Amino acid sequence: MRGFGAFLGKELRETVHTWRIWVLPAFILFAALSSPLITFLMPTLVDRLGGLQQGFAISVADPTASAAYAEYLGNLGELVMFALVIAYGGIVSSEVRSGTAALALAKPLSRGAFVLAKWLSQLLVIAVAAVIATAACIALTAVLLGVGPAPETVAAVALWFVYAIVILSAMVLLSAVLPAPAAAAGAGIGVYASFAVLAQFEATSRITPAGLMPAAQAVLNGEPAHWQAPVATGIAVSAACLAAAVWRFSRREI
């Protein structure tokens with residue numbers, strides 16, 4: 001792990017001072033602010049639509065804080081995850097293709113430290129963005145709809161964050177294996193889709209990382225949630241992906 005701390009600091013500085021800070025954090029913040037706004041405005045929009053269309057009626061439930069938080073969690077699990085897959089398809093391979101990796105590794109920096117610093121720097125970005133966005137979502141929801149189940153929302157977002165760790169770790173592995181960012185992003189979408197399918201079956205949902213989002217939804221609804229096994233297997237899968245990424249990158253020609 002030679003040079004890990006210095007390279008991690010360099011990655012964090014680049015994230016803050018370049019376009020990277022506006023990609024995934026912007027999607028997370030958009031999900032946080034748009035969810036309570038859309039929930040609050042939906043009855044008005046439906047009424048206006050019904051007024052424009054004669055004989056056309058749509059009924060919607062009264063907006064609640066719980067509905068806003070559910071919308072936020074849904075956006076995190078779909079919109080933000082899709083953005084994560086696309087954004088990090090080239091987290092390793094783009095550095096190799098541009099020659100940046102060769103320049104960095106010419107210094108006292110091990111290949112394992114290179115991969116893990118890339119992973120940790122972006123994980124910290126996601127974590128900070130999720131904390132700020134969740135606080136903003138709760139605050140805006142409180143203004144528009146009341147506080148509602150805010151503690152349950154925080155717990156649900158924590159489970160989503162574990163899911164984000166799994167997907168990010170998978171993207172690091174795919175980017176270390178596949179030379180083209182587009183190919184890694186395509187494979188990442190396949191991984192995401194596979195988890196979505198596995199989440200539909202109780203047997204796999206209870207014991208694999210695919211169960212993290214269903215567990216988050218159950219926590220948000222105040223229902224019994226089987227989150228322990230998905231969290232444990234999610235951490236194990238993430239560690240396995242990172243180990244495989246380091247192994248593959250260590251043997252890759254730069």
# chains A, B, ... in the order shown; residues from 1 in each chain; ligands from 1
$ residues_around --residues "Leu140 (chain A)" --least-positions-apart "5" --cutoff "12 Å" --atoms "only C-alpha atoms" --output "PyMOL selection string"
chain A and resi 29+32-40+65+68-69+72+133-135+145-148+150
$ residues_around --residues "Leu178 (chain A)" --least-positions-apart "5" --cutoff "12 Å" --atoms "only C-alpha atoms" --output "list in words"
Gly89, Gly90, Ile91, Val92, Ser93, Ser94, Val96, Arg97, Ala170, Met171, Val172, Leu173, Ala183, Ala184, Ala185, Gly186, Ala187, Gly188, Ala245, Arg248, Phe249 and Arg252 of chain A
$ write_last_selection --atoms "C-alpha atoms" --output "mmCIF file, in the first residue's frame"
data_model
loop_
_atom_site.group_PDB
_atom_site.id
_atom_site.type_symbol
_atom_site.label_atom_id
_atom_site.label_comp_id
_atom_site.auth_asym_id
_atom_site.auth_seq_id
_atom_site.Cartn_x
_atom_site.Cartn_y
_atom_site.Cartn_z
ATOM 1 C CA GLY A 89 -17.346 2.955 -15.771
ATOM 2 C CA GLY A 90 -13.921 4.467 -16.355
ATOM 3 C CA ILE A 91 -12.771 4.905 -12.766
ATOM 4 C CA VAL A 92 -9.653 2.793 -13.511
ATOM 5 C CA SER A 93 -9.598 2.192 -17.260
ATOM 6 C CA SER A 94 -9.844 5.875 -18.231
ATOM 7 C CA VAL A 96 -4.887 3.803 -18.044
ATOM 8 C CA ARG A 97 -6.080 4.965 -21.486
ATOM 9 C CA ALA A 170 -18.246 -3.863 -8.699
ATOM 10 C CA MET A 171 -17.555 -0.907 -11.008
ATOM 11 C CA VAL A 172 -13.945 -0.712 -9.799
ATOM 12 C CA LEU A 173 -13.514 -4.394 -10.652
ATOM 13 C CA ALA A 183 -17.944 -1.725 -21.748
ATOM 14 C CA ALA A 184 -17.542 -1.472 -17.970
ATOM 15 C CA ALA A 185 -20.633 0.734 -17.737
ATOM 16 C CA GLY A 186 -22.623 -1.752 -19.825
ATOM 17 C CA ALA A 187 -21.511 -4.630 -17.631
ATOM 18 C CA GLY A 188 -22.346 -2.533 -14.568
ATOM 19 C CA ALA A 245 -9.619 -5.544 -8.882
ATOM 20 C CA ARG A 248 -6.157 -7.873 -11.966
ATOM 21 C CA PHE A 249 -4.715 -4.353 -12.071
ATOM 22 C CA ARG A 252 -2.373 -5.424 -16.245
#
$ atom_distance --atom1 "CA of Val125 (chain A)" --atom2 "CA of Ile138 (chain A)"
20.0 Å
$ closest_atom_pairs --of "region 135-157 of chain A" --to "region 208-222 of chain A" --cutoff "6 Å" --atoms "only C-alpha atoms" --output "Markdown table"
| residue | atom | partner | partner_atom | distance |
| --- | --- | --- | --- | --- |
| A:Glu152 | CA | A:Leu220 | CA | 5.0 |
| A:Thr153 | CA | A:Leu220 | CA | 5.5 |
| A:Ala156 | CA | A:Ala216 | CA | 4.3 |
$ select_by_dssp --residues "region 28-183 of chain A" --states "alpha helix (DSSP H)" --output "ChimeraX atom specification"
/A:28-52,65-75,81-87,93-98,100-105,111-145,150-177,181-183
$ closest_residue --among "A:Phe30, A:Tyr88, A:Tyr163, A:Phe195" --to "Ala236 (chain A)" --atoms "only C-alpha atoms"
A:Tyr163
$ residues_around --residues "Ala164 (chain A)" --least-positions-apart "6" --cutoff "12 Å" --atoms "only C-alpha atoms" --output "PDB file with C-alpha atoms, in the first residue's frame"
ATOM      1  CA  LEU A  24     -22.955  12.038  -8.765  1.00  0.00           C
ATOM      2  CA  ILE A  28     -28.127  12.780  -5.191  1.00  0.00           C
ATOM      3  CA  LEU A  76     -31.621   6.830  -4.827  1.00  0.00           C
ATOM      4  CA  GLY A  77     -32.138   3.202  -5.767  1.00  0.00           C
ATOM      5  CA  GLU A  78     -32.837   3.885  -9.448  1.00  0.00           C
ATOM      6  CA  VAL A  80     -28.681   7.683  -8.622  1.00  0.00           C
ATOM      7  CA  MET A  81     -27.542   4.074  -9.025  1.00  0.00           C
ATOM      8  CA  PHE A  82     -27.804   4.341 -12.801  1.00  0.00           C
ATOM      9  CA  ALA A  83     -25.746   7.558 -12.667  1.00  0.00           C
ATOM     10  CA  LEU A  84     -23.183   5.816 -10.440  1.00  0.00           C
ATOM     11  CA  VAL A  85     -22.735   2.994 -12.940  1.00  0.00           C
ATOM     12  CA  TYR A  88     -17.621   5.161 -12.692  1.00  0.00           C
ATOM     13  CA  TRP A 119     -12.390   3.556  -4.623  1.00  0.00           C
ATOM     14  CA  GLN A 122     -15.300   8.296  -4.547  1.00  0.00           C
ATOM     15  CA  LEU A 123     -16.903   6.457  -1.637  1.00  0.00           C
ATOM     16  CA  LEU A 124     -16.213   9.476   0.574  1.00  0.00           C
ATOM     17  CA  VAL A 125     -17.791  11.737  -2.044  1.00  0.00           C
ATOM     18  CA  ILE A 126     -20.924   9.577  -2.086  1.00  0.00           C
ATOM     19  CA  ALA A 127     -21.066   9.471   1.721  1.00  0.00           C
ATOM     20  CA  ALA A 130     -25.757  11.430   0.889  1.00  0.00           C
ATOM     21  CA  VAL A 157     -30.489   5.721   3.439  1.00  0.00           C
ATOM     22  CA  ALA A 158     -27.771   3.986   5.475  1.00  0.00           C
ATOM     23  CA  ALA A 170     -18.246  -3.863  -8.699  1.00  0.00           C
ATOM     24  CA  MET A 171     -17.555  -0.907 -11.008  1.00  0.00           C
ATOM     25  CA  TYR A 192     -27.548  -3.661 -11.378  1.00  0.00           C
ATOM     26  CA  PRO A 209     -26.915  -7.717  -1.394  1.00  0.00           C
ATOM     27  CA  ALA A 210     -29.955  -7.619  -3.674  1.00  0.00           C
ATOM     28  CA  LEU A 212     -30.593  -4.145   0.646  1.00  0.00           C
ATOM     29  CA  MET A 213     -33.113  -1.944  -1.153  1.00  0.00           C
ATOM     30  CA  VAL A 231     -25.411  -6.080   4.797  1.00  0.00           C
ATOM     31  CA  GLY A 234     -22.772  -6.869   0.673  1.00  0.00           C
ATOM     32  CA  ILE A 235     -19.595  -6.124   2.624  1.00  0.00           C
ATOM     33  CA  SER A 238     -17.438  -5.536  -1.948  1.00  0.00           C
TER      34      SER A 238
END
$ atom_distance --atom1 "CA of Val191 (chain A)" --atom2 "CA of Leu174 (chain A)"
10.1 Å
$ decode --residues "region 163-228 of chain A" --atoms "C-alpha atoms" --output "tab-separated table (two decimals), in the first residue's frame"
chain	number	residue	atom	x	y	z
A	163	TYR	CA	-25.80	-0.94	-1.62
A	164	ALA	CA	-23.83	1.94	-3.17
A	165	ILE	CA	-20.63	0.46	-1.73
A	166	VAL	CA	-21.40	-2.85	-3.45
A	167	ILE	CA	-22.12	-1.26	-6.84
A	168	LEU	CA	-19.09	1.05	-6.64
A	169	SER	CA	-16.84	-1.90	-5.76
A	170	ALA	CA	-18.25	-3.86	-8.70
A	171	MET	CA	-17.55	-0.91	-11.01
A	172	VAL	CA	-13.94	-0.71	-9.80
A	173	LEU	CA	-13.51	-4.39	-10.65
A	174	LEU	CA	-15.19	-4.08	-14.05
A	175	SER	CA	-13.12	-1.00	-14.89
A	176	ALA	CA	-9.93	-2.83	-13.90
A	177	VAL	CA	-10.84	-5.82	-16.09
A	178	LEU	CA	-12.42	-4.16	-19.15
A	179	PRO	CA	-10.33	-1.66	-21.15
A	180	ALA	CA	-13.22	0.52	-22.36
A	181	PRO	CA	-15.30	2.64	-19.94
A	182	ALA	CA	-18.41	2.03	-22.05
A	183	ALA	CA	-17.94	-1.73	-21.75
A	184	ALA	CA	-17.54	-1.47	-17.97
A	185	ALA	CA	-20.63	0.73	-17.74
A	186	GLY	CA	-22.62	-1.75	-19.82
A	187	ALA	CA	-21.51	-4.63	-17.63
A	188	GLY	CA	-22.35	-2.53	-14.57
A	189	ILE	CA	-25.89	-2.04	-15.81
A	190	GLY	CA	-26.08	-5.82	-16.14
A	191	VAL	CA	-24.96	-6.21	-12.50
A	192	TYR	CA	-27.55	-3.66	-11.38
A	193	ALA	CA	-30.28	-5.42	-13.38
A	194	SER	CA	-29.28	-8.77	-11.88
A	195	PHE	CA	-29.63	-7.41	-8.37
A	196	ALA	CA	-33.04	-5.99	-9.29
A	197	VAL	CA	-34.17	-9.45	-10.46
A	198	LEU	CA	-32.75	-11.22	-7.39
A	199	ALA	CA	-34.57	-8.73	-5.15
A	200	GLN	CA	-37.89	-10.09	-6.43
A	201	PHE	CA	-37.32	-13.52	-4.85
A	202	GLU	CA	-37.51	-13.90	-1.09
A	203	ALA	CA	-34.79	-16.56	-0.91
A	204	THR	CA	-32.17	-14.38	-2.62
A	205	SER	CA	-33.47	-11.11	-1.20
A	206	ARG	CA	-32.89	-12.27	2.37
A	207	ILE	CA	-29.29	-13.41	1.99
A	208	THR	CA	-27.70	-11.40	-0.84
A	209	PRO	CA	-26.92	-7.72	-1.39
A	210	ALA	CA	-29.95	-7.62	-3.67
A	211	GLY	CA	-32.06	-7.46	-0.50
A	212	LEU	CA	-30.59	-4.15	0.65
A	213	MET	CA	-33.11	-1.94	-1.15
A	214	PRO	CA	-36.17	-4.03	-0.14
A	215	ALA	CA	-34.85	-3.93	3.43
A	216	ALA	CA	-34.44	-0.16	3.20
A	217	GLN	CA	-38.02	0.19	2.00
A	218	ALA	CA	-39.26	-2.00	4.86
A	219	VAL	CA	-37.32	0.09	7.40
A	220	LEU	CA	-38.80	3.27	5.95
A	221	ASN	CA	-42.32	1.82	6.24
A	222	GLY	CA	-41.73	0.71	9.83
A	223	GLU	CA	-42.05	-2.96	8.87
A	224	PRO	CA	-39.85	-5.91	9.94
A	225	ALA	CA	-36.70	-5.78	7.81
A	226	HIS	CA	-34.24	-8.61	7.16
A	227	TRP	CA	-31.19	-6.42	6.68
A	228	GLN	CA	-28.44	-8.23	8.58
